[in-house]
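Participant: Contents of start.cif (mmCIF, C-alpha atoms):
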data_target
#
loop_
_atom_site.label_atom_id
_atom_site.label_comp_id
_atom_site.auth_asym_id
_atom_site.auth_seq_id
_atom_site.Cartn_x
_atom_site.Cartn_y
_atom_site.Cartn_z
CA MET I 19 0.00 0.00 0.00
CA SER I 20 1.42 3.37 -0.94
CA LYS I 21 1.71 6.27 1.48
CA ASN I 22 -0.81 8.16 -0.64
CA GLN I 23 -3.39 5.45 -0.09
CA ASP I 24 -2.56 5.48 3.62
CA VAL I 25 -3.40 9.18 3.85
CA GLY I 26 -6.83 8.76 2.24
CA ILE I 27 -7.64 5.64 4.26
CA SER I 28 -6.65 7.19 7.60
CA ILE I 29 -8.50 10.44 6.92
CA PRO I 30 -11.00 9.97 4.07
CA ILE I 31 -11.46 13.69 3.34
CA LEU I 32 -7.73 13.84 2.46
CA GLY I 33 -8.49 11.21 -0.16
CA LYS I 34 -11.25 13.42 -1.62
CA MET I 35 -8.73 16.28 -1.78
CA GLU I 36 -6.26 13.88 -3.43
CA ALA I 37 -3.59 15.03 -0.95
CA GLN I 38 -0.33 13.22 -1.65
CA ILE I 39 2.84 12.38 0.23
CA LEU I 40 5.70 12.50 -2.28
CA GLU I 41 8.70 11.72 -0.07
CA THR I 42 9.43 10.98 3.57
CA GLY I 43 12.53 10.68 5.72
CA LYS I 44 13.56 11.24 9.33
CA GLY I 45 12.28 14.73 10.12
CA TYR I 46 11.17 15.26 6.52
CA VAL I 47 7.92 15.04 4.52
CA LYS I 48 7.32 16.42 1.04
CA ALA I 49 3.62 16.66 0.20
CA LYS I 50 1.39 17.94 -2.60
CA MET I 51 -2.14 19.27 -2.85
CA PRO I 52 -3.48 19.20 -6.42
CA LEU I 53 -5.47 22.21 -7.62
CA GLY I 54 -8.17 20.19 -9.44
CA PRO I 55 -10.37 18.87 -6.62
CA ASN I 56 -9.49 21.85 -4.40
CA ALA I 57 -10.34 24.77 -6.70
CA ASN I 58 -12.68 27.46 -5.39
CA HIS I 59 -15.24 29.61 -7.23
CA VAL I 60 -12.50 31.69 -8.89
CA GLY I 61 -10.30 28.75 -9.90
CA THR I 62 -7.58 29.15 -7.27
CA MET I 63 -6.97 26.73 -4.41
CA TYR I 64 -9.50 26.89 -1.58
CA ALA I 65 -8.07 28.34 1.65
CA GLY I 66 -9.08 25.27 3.67
CA SER I 67 -7.23 22.93 1.30
CA LEU I 68 -4.07 25.06 1.64
CA PHE I 69 -4.42 24.85 5.42
CA THR I 70 -4.80 21.08 5.13
CA LEU I 71 -1.60 20.83 3.08
CA ALA I 72 0.18 22.66 5.90
CA GLU I 73 -1.44 20.46 8.55
CA PHE I 74 -1.44 16.82 7.49
CA PRO I 75 2.31 16.21 6.92
CA GLY I 76 2.93 16.89 10.62
CA GLY I 77 1.21 13.67 11.66
CA VAL I 78 3.19 11.69 9.09
CA LEU I 79 6.48 13.24 10.19
CA PHE I 80 5.89 12.65 13.91
CA LEU I 81 4.68 9.09 13.40
CA ASP I 82 7.71 8.32 11.23
CA PHE I 83 10.07 9.83 13.80
CA LEU I 84 8.48 8.43 16.96
CA GLY I 85 7.34 5.06 15.67
CA GLU I 86 4.09 3.38 16.66
CA ASP I 87 5.13 2.39 20.16
CA ALA I 88 6.90 5.48 21.48
CA GLY I 89 4.22 6.04 24.11
CA ILE I 90 3.98 9.66 22.98
CA TYR I 91 1.05 11.25 21.17
CA PRO I 92 1.65 14.36 19.07
CA ILE I 93 -1.22 16.76 18.47
CA VAL I 94 -1.46 20.08 16.70
CA ALA I 95 -2.61 22.47 19.41
CA GLU I 96 -2.70 25.60 17.27
CA MET I 97 -1.97 26.55 13.68
CA SER I 98 -2.03 29.80 11.76
CA ILE I 99 -1.79 30.40 8.05
CA ARG I 100 -1.07 33.62 6.19
CA TYR I 101 -2.14 33.76 2.56
CA ARG I 102 0.41 35.68 0.48
CA ARG I 103 -0.91 35.28 -3.07
CA PRO I 104 -3.53 33.25 -4.97
CA ALA I 105 -2.57 29.58 -5.41
CA MET I 106 -3.05 28.94 -9.12
CA THR I 107 -1.21 25.61 -9.53
CA ASP I 108 -0.76 22.40 -7.56
CA ILE I 109 0.86 23.38 -4.25
CA TYR I 110 3.77 21.77 -2.36
CA VAL I 111 5.25 21.76 1.10
CA ASP I 112 8.66 20.52 2.25
CA MET I 113 8.19 19.97 5.95
CA LYS I 114 11.55 19.71 7.69
CA MET I 115 12.17 19.48 11.40
CA ASP I 116 15.54 19.50 13.07
CA LEU I 117 16.30 16.02 14.42
CA ALA I 118 17.87 17.47 17.56
CA ASP I 119 14.65 19.43 18.25
CA LEU I 120 12.58 16.29 17.73
CA GLU I 121 14.84 14.27 20.06
CA LYS I 122 14.60 17.00 22.70
CA MET I 123 10.80 17.09 22.43
CA LYS I 124 10.63 13.31 22.78
CA ALA I 125 12.93 13.33 25.83
CA ASP I 126 11.00 16.21 27.42
CA ALA I 127 7.65 14.48 26.85
CA LEU I 128 8.93 11.22 28.36
CA ALA I 129 10.48 13.05 31.33
CA ASN I 130 7.75 15.62 32.02
CA GLY I 131 4.62 14.16 30.45
CA LYS I 132 4.34 16.96 27.90
CA ALA I 133 6.48 18.95 25.48
CA GLU I 134 5.92 21.61 22.85
CA LEU I 135 7.47 22.38 19.48
CA MET I 136 6.86 25.32 17.16
CA HIS I 137 7.21 24.91 13.40
CA ARG I 138 7.01 27.45 10.58
CA GLN I 139 6.94 26.49 6.90
CA GLU I 140 6.13 27.78 3.44
CA LEU I 141 3.72 26.45 0.83
CA THR I 142 4.99 26.94 -2.71
CA ASP I 143 3.50 26.75 -6.19
CA GLU I 144 4.95 25.06 -9.27
CA ASN I 145 7.09 28.14 -9.96
CA GLY I 146 8.58 28.12 -6.46
CA GLU I 147 6.56 31.16 -5.37
CA VAL I 148 5.49 31.16 -1.72
CA VAL I 149 1.68 31.27 -1.67
CA ALA I 150 1.19 30.82 2.07
CA ILE I 151 3.14 30.56 5.33
CA SER I 152 1.97 28.41 8.23
CA GLU I 153 3.06 28.24 11.83
CA ALA I 154 2.06 25.45 14.19
CA ARG I 155 2.38 24.66 17.86
CA TYR I 156 2.62 20.94 18.42
CA VAL I 157 2.17 19.32 21.79
CA CYS I 158 3.44 15.85 22.55
CA ILE I 159 1.83 14.05 25.45
CA ARG I 160 3.14 10.94 27.18
CA ALA I 161 0.61 8.11 27.16
CA MET A 20 -31.26 26.19 -5.22
CA SER A 21 -30.55 25.90 -1.52
CA LYS A 22 -27.65 27.65 0.14
CA ASN A 23 -26.15 24.24 0.95
CA GLN A 24 -26.04 23.36 -2.72
CA ASP A 25 -24.51 26.78 -3.43
CA VAL A 26 -21.61 26.04 -1.09
CA GLY A 27 -20.76 22.72 -2.75
CA ILE A 28 -21.15 24.11 -6.26
CA SER A 29 -18.96 27.17 -5.60
CA ILE A 30 -16.27 25.15 -3.84
CA PRO A 31 -16.65 21.43 -4.63
CA ILE A 32 -14.49 20.18 -1.75
CA LEU A 33 -16.99 21.80 0.66
CA GLY A 34 -19.60 19.56 -0.96
CA LYS A 35 -17.43 16.49 -0.25
CA MET A 36 -17.19 17.63 3.39
CA GLU A 37 -20.99 18.12 3.38
CA ALA A 38 -20.46 21.57 4.91
CA GLN A 39 -23.83 23.23 5.48
CA ILE A 40 -25.17 26.73 5.92
CA LEU A 41 -28.08 26.52 8.36
CA GLU A 42 -29.09 30.19 8.64
CA THR A 43 -28.01 33.54 7.28
CA GLY A 44 -28.83 37.17 8.01
CA LYS A 45 -27.14 40.55 7.84
CA GLY A 46 -23.83 40.05 9.64
CA TYR A 47 -24.78 36.49 10.61
CA VAL A 48 -24.14 32.96 9.35
CA LYS A 49 -24.79 29.72 11.21
CA ALA A 50 -22.97 26.76 9.69
CA LYS A 51 -22.41 23.07 10.39
CA MET A 52 -19.69 20.55 9.63
CA PRO A 53 -20.89 16.95 10.00
CA LEU A 54 -18.53 14.46 11.66
CA GLY A 55 -19.22 11.57 9.23
CA PRO A 56 -17.25 12.56 6.12
CA ASN A 57 -14.71 14.52 8.19
CA ALA A 58 -13.66 11.92 10.73
CA ASN A 59 -9.96 11.21 11.16
CA HIS A 60 -8.14 7.97 12.05
CA VAL A 61 -9.30 8.16 15.68
CA GLY A 62 -12.93 9.03 14.90
CA THR A 63 -12.84 12.72 15.81
CA MET A 64 -13.15 15.57 13.34
CA TYR A 65 -10.09 16.20 11.18
CA ALA A 66 -8.27 19.46 12.05
CA GLY A 67 -8.52 20.73 8.46
CA SER A 68 -12.29 20.26 8.40
CA LEU A 69 -12.60 22.25 11.65
CA PHE A 70 -10.49 25.01 10.09
CA THR A 71 -12.77 24.93 7.03
CA LEU A 72 -15.86 25.33 9.21
CA ALA A 73 -14.24 28.45 10.68
CA GLU A 74 -13.26 29.75 7.24
CA PHE A 75 -16.07 29.28 4.75
CA PRO A 76 -18.89 31.21 6.47
CA GLY A 77 -16.85 34.42 6.14
CA GLY A 78 -17.30 34.51 2.38
CA VAL A 79 -21.04 33.93 2.72
CA LEU A 80 -21.38 36.66 5.35
CA PHE A 81 -19.41 39.27 3.36
CA LEU A 82 -21.19 38.47 0.10
CA ASP A 83 -24.57 38.73 1.82
CA PHE A 84 -23.61 42.04 3.44
CA LEU A 85 -21.85 43.68 0.50
CA GLY A 86 -23.97 42.30 -2.35
CA GLU A 87 -22.62 41.22 -5.72
CA ASP A 88 -21.94 44.70 -7.08
CA ALA A 89 -20.34 46.49 -4.13
CA GLY A 90 -17.04 46.89 -5.98
CA ILE A 91 -15.26 45.46 -2.94
CA TYR A 92 -13.60 42.07 -2.67
CA PRO A 93 -13.15 40.49 0.75
CA ILE A 94 -10.34 37.99 1.27
CA VAL A 95 -9.09 36.12 4.31
CA ALA A 96 -5.49 37.27 4.69
CA GLU A 97 -4.67 35.22 7.76
CA MET A 98 -6.42 32.78 10.06
CA SER A 99 -5.41 30.91 13.17
CA ILE A 100 -7.17 28.11 14.97
CA ARG A 101 -6.59 26.77 18.45
CA TYR A 102 -7.84 23.27 19.18
CA ARG A 103 -9.25 23.00 22.71
CA ARG A 104 -10.63 19.46 22.82
CA PRO A 105 -11.41 16.59 20.44
CA ALA A 106 -14.45 17.21 18.24
CA MET A 107 -16.55 14.09 18.69
CA THR A 108 -19.89 15.23 17.22
CA ASP A 109 -21.08 17.39 14.32
CA ILE A 110 -19.64 20.87 14.89
CA TYR A 111 -21.28 24.30 14.59
CA VAL A 112 -20.27 27.93 14.26
CA ASP A 113 -22.39 31.05 14.75
CA MET A 114 -20.47 33.71 12.87
CA LYS A 115 -21.64 37.18 13.91
CA MET A 116 -20.12 40.46 12.87
CA ASP A 117 -21.15 43.86 14.16
CA LEU A 118 -23.01 45.74 11.40
CA ALA A 119 -21.33 49.03 12.37
CA ASP A 120 -17.90 47.36 11.95
CA LEU A 121 -18.93 46.00 8.55
CA GLU A 122 -20.23 49.42 7.44
CA LYS A 123 -16.98 51.04 8.59
CA MET A 124 -14.89 48.48 6.70
CA LYS A 125 -16.94 49.04 3.55
CA ALA A 126 -16.62 52.83 3.81
CA ASP A 127 -12.87 52.58 4.51
CA ALA A 128 -12.32 50.24 1.55
CA LEU A 129 -14.27 52.53 -0.79
CA ALA A 130 -12.42 55.63 0.50
CA ASN A 131 -8.90 54.21 0.82
CA GLY A 132 -8.84 51.20 -1.49
CA LYS A 133 -8.32 48.76 1.37
CA ALA A 134 -9.61 47.98 4.85
CA GLU A 135 -9.06 45.31 7.46
CA LEU A 136 -11.28 43.57 9.98
CA MET A 137 -10.38 41.07 12.71
CA HIS A 138 -12.85 38.41 13.81
CA ARG A 139 -12.68 35.82 16.57
CA GLN A 140 -15.20 33.02 16.99
CA GLU A 141 -15.82 29.68 18.66
CA LEU A 142 -16.65 26.28 17.18
CA THR A 143 -18.98 24.27 19.37
CA ASP A 144 -20.10 20.66 19.55
CA GLU A 145 -23.63 19.32 20.02
CA ASN A 146 -23.33 19.80 23.78
CA GLY A 147 -22.31 23.44 23.43
CA GLU A 148 -18.69 22.73 24.37
CA VAL A 149 -16.12 24.91 22.62
CA VAL A 150 -13.83 22.58 20.66
CA ALA A 151 -11.82 25.24 18.82
CA ILE A 152 -11.35 29.01 18.61
CA SER A 153 -10.46 30.77 15.38
CA GLU A 154 -9.25 34.26 14.67
CA ALA A 155 -9.15 35.78 11.19
CA ARG A 156 -7.83 38.91 9.57
CA TYR A 157 -9.98 39.90 6.61
CA VAL A 158 -8.89 42.42 4.00
CA CYS A 159 -11.38 44.15 1.75
CA ILE A 160 -9.99 45.59 -1.46
CA ARG A 161 -11.74 48.07 -3.74
CA ALA A 162 -12.03 46.78 -7.31
#
What does this structure look like when you write it as structure tokens?
Facilitator:
Amino acid sequence: MSKNQDVGISIPILGKMEAQILETGKGYVKAKMPLGPNANHVGTMYAGSLFTLAEFPGGVLFLDFLGEDAGIYPIVAEMSIRYRRPAMTDIYVDMKMDLADLEKMKADALANGKAELMHRQELTDENGEVVAISEARYVCIRA
Amino acid sequence: MSKNQDVGISIPILGKMEAQILETGKGYVKAKMPLGPNANHVGTMYAGSLFTLAEFPGGVLFLDFLGEDAGIYPIVAEMSIRYRRPAMTDIYVDMKMDLADLEKMKADALANGKAELMHRQELTDENGEVVAISEARYVCIRA
């Protein structure tokens, strides 16, 4: 089963959006949101689909880093998105987190029951233009 | 054509989410996001669908207030959402904007070419519990 199928099976509405994971690695997820099923009434990408592109790779990244049995649950506590220009193509995000920051968060959560991590990233179009900037506050809670 | 059909026709992914407008008035929109098509891998509402519930009524409210030929285009420039607790039922938002604030924004946009308006609101579950709080910065631009 491909990672793309995983996304749509885990969260069916992501399947309707045709959200795709293109690459993954430790502390890294590259994802795509296609314009087609996410176009709004003026033909650009709907604001909620752009938010979703910023949001869903976080779960993939944390799960890949922590593994299934880490005893730590990551949640997105807060997220903001600033729209810079209309998104007129498929849109991409390269989500990268520093491995040292992730290790520290994991250690803090195991030691103290809870840890936080802030992450800022850019969403880019096919020409490399930044269409939106998101910032998230993740909270990891020990089971 | 019902307003619910309008939403899904204008922005098809809202139709897939089965997002619904329940009531509208001057400066007022009540909307619903059903859990069913928006459930995540643990059975609560997906974070991106909650964001969408906070986002889409704004367009309806501004269009209803300004009318089609106001010569002013409202856009959401920035939005944040804070998740307070898991959303385990259908979720609702009562979006209310002060009519004096809307009139001022319209006058400012017509006079100066641009105007801004901040709006904070709560998303509530079927028991009236606040599951998330959103805050948006809207910009109205004169055509």
Participant: Hey, which of I:Glu36, I:Glu86, I:Asp108, I:Asp119 ends up closest to chain A? Count all atoms listed in the file.
Facilitator: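 Using all atoms listed in the file, chain A sits closest to I:Glu36.
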Participant: Fit chain A to chain I, using all C-alpha atoms paired in sequence order for the least-squares superposition, and then show me the result as a PDB file with C-alpha atoms, keeping the file's coordinate frame.
Facilitator:
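The result, written out as part-v1.pdb:
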ATOM      1  CA  MET A  20       0.017  -0.018   0.122  1.00  0.00           C
ATOM      2  CA  SER A  21       1.417   3.335  -0.916  1.00  0.00           C
ATOM      3  CA  LYS A  22       1.726   6.240   1.470  1.00  0.00           C
ATOM      4  CA  ASN A  23      -0.808   8.150  -0.643  1.00  0.00           C
ATOM      5  CA  GLN A  24      -3.386   5.449  -0.086  1.00  0.00           C
ATOM      6  CA  ASP A  25      -2.532   5.488   3.631  1.00  0.00           C
ATOM      7  CA  VAL A  26      -3.397   9.180   3.857  1.00  0.00           C
ATOM      8  CA  GLY A  27      -6.829   8.755   2.262  1.00  0.00           C
ATOM      9  CA  ILE A  28      -7.631   5.634   4.268  1.00  0.00           C
ATOM     10  CA  SER A  29      -6.642   7.186   7.616  1.00  0.00           C
ATOM     11  CA  ILE A  30      -8.489  10.428   6.920  1.00  0.00           C
ATOM     12  CA  PRO A  31     -10.995   9.962   4.071  1.00  0.00           C
ATOM     13  CA  ILE A  32     -11.460  13.671   3.329  1.00  0.00           C
ATOM     14  CA  LEU A  33      -7.730  13.837   2.470  1.00  0.00           C
ATOM     15  CA  GLY A  34      -8.486  11.193  -0.155  1.00  0.00           C
ATOM     16  CA  LYS A  35     -11.248  13.405  -1.610  1.00  0.00           C
ATOM     17  CA  MET A  36      -8.726  16.272  -1.767  1.00  0.00           C
ATOM     18  CA  GLU A  37      -6.247  13.866  -3.424  1.00  0.00           C
ATOM     19  CA  ALA A  38      -3.597  15.029  -0.944  1.00  0.00           C
ATOM     20  CA  GLN A  39      -0.331  13.219  -1.645  1.00  0.00           C
ATOM     21  CA  ILE A  40       2.838  12.372   0.221  1.00  0.00           C
ATOM     22  CA  LEU A  41       5.689  12.497  -2.294  1.00  0.00           C
ATOM     23  CA  GLU A  42       8.688  11.712  -0.067  1.00  0.00           C
ATOM     24  CA  THR A  43       9.408  10.973   3.563  1.00  0.00           C
ATOM     25  CA  GLY A  44      12.514  10.660   5.716  1.00  0.00           C
ATOM     26  CA  LYS A  45      13.542  11.223   9.312  1.00  0.00           C
ATOM     27  CA  GLY A  46      12.300  14.723  10.120  1.00  0.00           C
ATOM     28  CA  TYR A  47      11.166  15.260   6.523  1.00  0.00           C
ATOM     29  CA  VAL A  48       7.940  15.038   4.522  1.00  0.00           C
ATOM     30  CA  LYS A  49       7.309  16.421   1.048  1.00  0.00           C
ATOM     31  CA  ALA A  50       3.619  16.667   0.210  1.00  0.00           C
ATOM     32  CA  LYS A  51       1.392  17.940  -2.591  1.00  0.00           C
ATOM     33  CA  MET A  52      -2.135  19.289  -2.848  1.00  0.00           C
ATOM     34  CA  PRO A  53      -3.472  19.208  -6.418  1.00  0.00           C
ATOM     35  CA  LEU A  54      -5.475  22.217  -7.626  1.00  0.00           C
ATOM     36  CA  GLY A  55      -8.170  20.196  -9.464  1.00  0.00           C
ATOM     37  CA  PRO A  56     -10.359  18.887  -6.631  1.00  0.00           C
ATOM     38  CA  ASN A  57      -9.494  21.867  -4.407  1.00  0.00           C
ATOM     39  CA  ALA A  58     -10.339  24.765  -6.688  1.00  0.00           C
ATOM     40  CA  ASN A  59     -12.671  27.460  -5.393  1.00  0.00           C
ATOM     41  CA  HIS A  60     -15.241  29.613  -7.227  1.00  0.00           C
ATOM     42  CA  VAL A  61     -12.508  31.706  -8.873  1.00  0.00           C
ATOM     43  CA  GLY A  62     -10.305  28.765  -9.894  1.00  0.00           C
ATOM     44  CA  THR A  63      -7.587  29.148  -7.263  1.00  0.00           C
ATOM     45  CA  MET A  64      -6.974  26.737  -4.412  1.00  0.00           C
ATOM     46  CA  TYR A  65      -9.502  26.879  -1.580  1.00  0.00           C
ATOM     47  CA  ALA A  66      -8.064  28.345   1.657  1.00  0.00           C
ATOM     48  CA  GLY A  67      -9.064  25.261   3.671  1.00  0.00           C
ATOM     49  CA  SER A  68      -7.222  22.933   1.298  1.00  0.00           C
ATOM     50  CA  LEU A  69      -4.069  25.069   1.634  1.00  0.00           C
ATOM     51  CA  PHE A  70      -4.412  24.872   5.422  1.00  0.00           C
ATOM     52  CA  THR A  71      -4.796  21.086   5.122  1.00  0.00           C
ATOM     53  CA  LEU A  72      -1.604  20.834   3.070  1.00  0.00           C
ATOM     54  CA  ALA A  73       0.184  22.659   5.898  1.00  0.00           C
ATOM     55  CA  GLU A  74      -1.423  20.449   8.547  1.00  0.00           C
ATOM     56  CA  PHE A  75      -1.438  16.820   7.474  1.00  0.00           C
ATOM     57  CA  PRO A  76       2.298  16.219   6.908  1.00  0.00           C
ATOM     58  CA  GLY A  77       2.934  16.890  10.612  1.00  0.00           C
ATOM     59  CA  GLY A  78       1.228  13.672  11.654  1.00  0.00           C
ATOM     60  CA  VAL A  79       3.199  11.686   9.083  1.00  0.00           C
ATOM     61  CA  LEU A  80       6.494  13.244  10.179  1.00  0.00           C
ATOM     62  CA  PHE A  81       5.908  12.640  13.913  1.00  0.00           C
ATOM     63  CA  LEU A  82       4.684   9.082  13.385  1.00  0.00           C
ATOM     64  CA  ASP A  83       7.709   8.307  11.217  1.00  0.00           C
ATOM     65  CA  PHE A  84      10.074   9.821  13.790  1.00  0.00           C
ATOM     66  CA  LEU A  85       8.498   8.447  16.962  1.00  0.00           C
ATOM     67  CA  GLY A  86       7.331   5.059  15.667  1.00  0.00           C
ATOM     68  CA  GLU A  87       4.079   3.378  16.638  1.00  0.00           C
ATOM     69  CA  ASP A  88       5.109   2.379  20.154  1.00  0.00           C
ATOM     70  CA  ALA A  89       6.881   5.481  21.456  1.00  0.00           C
ATOM     71  CA  GLY A  90       4.241   6.037  24.138  1.00  0.00           C
ATOM     72  CA  ILE A  91       3.968   9.655  22.999  1.00  0.00           C
ATOM     73  CA  TYR A  92       1.065  11.241  21.162  1.00  0.00           C
ATOM     74  CA  PRO A  93       1.667  14.348  19.069  1.00  0.00           C
ATOM     75  CA  ILE A  94      -1.212  16.748  18.463  1.00  0.00           C
ATOM     76  CA  VAL A  95      -1.453  20.083  16.697  1.00  0.00           C
ATOM     77  CA  ALA A  96      -2.604  22.485  19.404  1.00  0.00           C
ATOM     78  CA  GLU A  97      -2.693  25.597  17.257  1.00  0.00           C
ATOM     79  CA  MET A  98      -1.962  26.560  13.673  1.00  0.00           C
ATOM     80  CA  SER A  99      -2.027  29.801  11.755  1.00  0.00           C
ATOM     81  CA  ILE A 100      -1.781  30.406   8.047  1.00  0.00           C
ATOM     82  CA  ARG A 101      -1.073  33.615   6.192  1.00  0.00           C
ATOM     83  CA  TYR A 102      -2.126  33.774   2.557  1.00  0.00           C
ATOM     84  CA  ARG A 103       0.412  35.682   0.450  1.00  0.00           C
ATOM     85  CA  ARG A 104      -0.925  35.280  -3.085  1.00  0.00           C
ATOM     86  CA  PRO A 105      -3.529  33.240  -4.973  1.00  0.00           C
ATOM     87  CA  ALA A 106      -2.583  29.583  -5.413  1.00  0.00           C
ATOM     88  CA  MET A 107      -3.064  28.958  -9.118  1.00  0.00           C
ATOM     89  CA  THR A 108      -1.232  25.631  -9.550  1.00  0.00           C
ATOM     90  CA  ASP A 109      -0.771  22.412  -7.570  1.00  0.00           C
ATOM     91  CA  ILE A 110       0.859  23.386  -4.269  1.00  0.00           C
ATOM     92  CA  TYR A 111       3.760  21.785  -2.380  1.00  0.00           C
ATOM     93  CA  VAL A 112       5.246  21.776   1.098  1.00  0.00           C
ATOM     94  CA  ASP A 113       8.655  20.526   2.232  1.00  0.00           C
ATOM     95  CA  MET A 114       8.187  19.972   5.943  1.00  0.00           C
ATOM     96  CA  LYS A 115      11.562  19.701   7.683  1.00  0.00           C
ATOM     97  CA  MET A 116      12.158  19.490  11.391  1.00  0.00           C
ATOM     98  CA  ASP A 117      15.544  19.508  13.071  1.00  0.00           C
ATOM     99  CA  LEU A 118      16.291  16.013  14.427  1.00  0.00           C
ATOM    100  CA  ALA A 119      17.882  17.467  17.581  1.00  0.00           C
ATOM    101  CA  ASP A 120      14.655  19.432  18.258  1.00  0.00           C
ATOM    102  CA  LEU A 121      12.579  16.286  17.741  1.00  0.00           C
ATOM    103  CA  GLU A 122      14.843  14.264  20.066  1.00  0.00           C
ATOM    104  CA  LYS A 123      14.597  17.001  22.704  1.00  0.00           C
ATOM    105  CA  MET A 124      10.800  17.084  22.441  1.00  0.00           C
ATOM    106  CA  LYS A 125      10.631  13.305  22.792  1.00  0.00           C
ATOM    107  CA  ALA A 126      12.929  13.313  25.834  1.00  0.00           C
ATOM    108  CA  ASP A 127      10.998  16.202  27.428  1.00  0.00           C
ATOM    109  CA  ALA A 128       7.646  14.477  26.855  1.00  0.00           C
ATOM    110  CA  LEU A 129       8.924  11.211  28.347  1.00  0.00           C
ATOM    111  CA  ALA A 130      10.471  13.039  31.340  1.00  0.00           C
ATOM    112  CA  ASN A 131       7.745  15.611  32.022  1.00  0.00           C
ATOM    113  CA  GLY A 132       4.609  14.159  30.453  1.00  0.00           C
ATOM    114  CA  LYS A 133       4.339  16.961  27.909  1.00  0.00           C
ATOM    115  CA  ALA A 134       6.466  18.957  25.485  1.00  0.00           C
ATOM    116  CA  GLU A 135       5.902  21.607  22.858  1.00  0.00           C
ATOM    117  CA  LEU A 136       7.454  22.379  19.496  1.00  0.00           C
ATOM    118  CA  MET A 137       6.859  25.321  17.151  1.00  0.00           C
ATOM    119  CA  HIS A 138       7.223  24.927  13.396  1.00  0.00           C
ATOM    120  CA  ARG A 139       7.007  27.451  10.579  1.00  0.00           C
ATOM    121  CA  GLN A 140       6.949  26.511   6.907  1.00  0.00           C
ATOM    122  CA  GLU A 141       6.137  27.775   3.433  1.00  0.00           C
ATOM    123  CA  LEU A 142       3.717  26.460   0.815  1.00  0.00           C
ATOM    124  CA  THR A 143       4.988  26.934  -2.710  1.00  0.00           C
ATOM    125  CA  ASP A 144       3.496  26.756  -6.183  1.00  0.00           C
ATOM    126  CA  GLU A 145       4.947  25.079  -9.275  1.00  0.00           C
ATOM    127  CA  ASN A 146       7.091  28.146  -9.953  1.00  0.00           C
ATOM    128  CA  GLY A 147       8.567  28.127  -6.456  1.00  0.00           C
ATOM    129  CA  GLU A 148       6.555  31.170  -5.367  1.00  0.00           C
ATOM    130  CA  VAL A 149       5.488  31.169  -1.723  1.00  0.00           C
ATOM    131  CA  VAL A 150       1.680  31.297  -1.676  1.00  0.00           C
ATOM    132  CA  ALA A 151       1.182  30.830   2.070  1.00  0.00           C
ATOM    133  CA  ILE A 152       3.130  30.567   5.328  1.00  0.00           C
ATOM    134  CA  SER A 153       1.972  28.418   8.220  1.00  0.00           C
ATOM    135  CA  GLU A 154       3.054  28.251  11.819  1.00  0.00           C
ATOM    136  CA  ALA A 155       2.067  25.444  14.180  1.00  0.00           C
ATOM    137  CA  ARG A 156       2.373  24.673  17.851  1.00  0.00           C
ATOM    138  CA  TYR A 157       2.630  20.935  18.422  1.00  0.00           C
ATOM    139  CA  VAL A 158       2.160  19.314  21.813  1.00  0.00           C
ATOM    140  CA  CYS A 159       3.450  15.843  22.550  1.00  0.00           C
ATOM    141  CA  ILE A 160       1.818  14.051  25.454  1.00  0.00           C
ATOM    142  CA  ARG A 161       3.131  10.936  27.182  1.00  0.00           C
ATOM    143  CA  ALA A 162       0.583   8.108  27.173  1.00  0.00           C
TER     144      ALA A 162
END
Participant: What are the residues of chain I that have an atom within 7 Å of an atom of chain A, counting all atoms listed in the file, as a ChimeraX atom specification?
Facilitator: /I:28-29,31,35,55-59,66,69-70,95-101
Participant: With the file shown as input, list the residues that the PyMOL selection byres ((chain I and resi 40) around 12) selects, as a ChimeraX atom specification.
Facilitator: /I:20-23,25,37-39,41-43,46-51,75,78,110-113
Participant: What does the distance between atom CA of Thr142 of chain I and atom CA of Thr107 of chain I come to in Å, to one decimal place?
Facilitator: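 A separation of 9.3 Å between them.
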Participant: Quick check, in Å to one decimal: how far apart do atom CA of Cys159 of chain A and atom CA of Leu82 of chain A lie?
Facilitator: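 Computing it gives 11.5 Å between the two atoms.
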Participant: Using only C-alpha atoms, which of the listed residues (I:Ala105, I:Leu53, I:Leu117, I:Leu135) sits closest to Asp82 of chain I?
Facilitator: I:Leu117
Participant: Between atom CA of Lys133 of chain A and atom CA of Val148 of chain I, what distance in Å does the model show, to one decimal?
Facilitator: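 Atom CA of Val148 of chain I lies 22.6 Å from atom CA of Lys133 of chain A.
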Participant: Calculated over only C-alpha atoms, which of the candidates I:Glu134, I:Asp87, I:Asp24, I:Asp143 has the smallest distance to Glu121 of chain I?
Facilitator: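 Closest candidate: I:Glu134.
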Participant: In terms of the shortest atom-to-atom distance over all atoms listed in the file, which of I:Ala125, I:Met115, I:Leu120, I:Val149 is closest to His137 of chain I?
Facilitator: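 So, comparing all the options, the nearest one is I:Met115.
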Participant: Of the residues I:Ala161, I:Ile109, I:Ile90, I:Asp116, which is the one nearest to Lys44 of chain I, using all atoms listed in the file?
Facilitator: I:Asp116
Participant: Which residue gives the smallest distance to Ala127 of chain I among I:Pro92, I:Lys114, I:Gln139, I:Pro104, with only C-alpha atoms counted?
Facilitator: I:Pro92
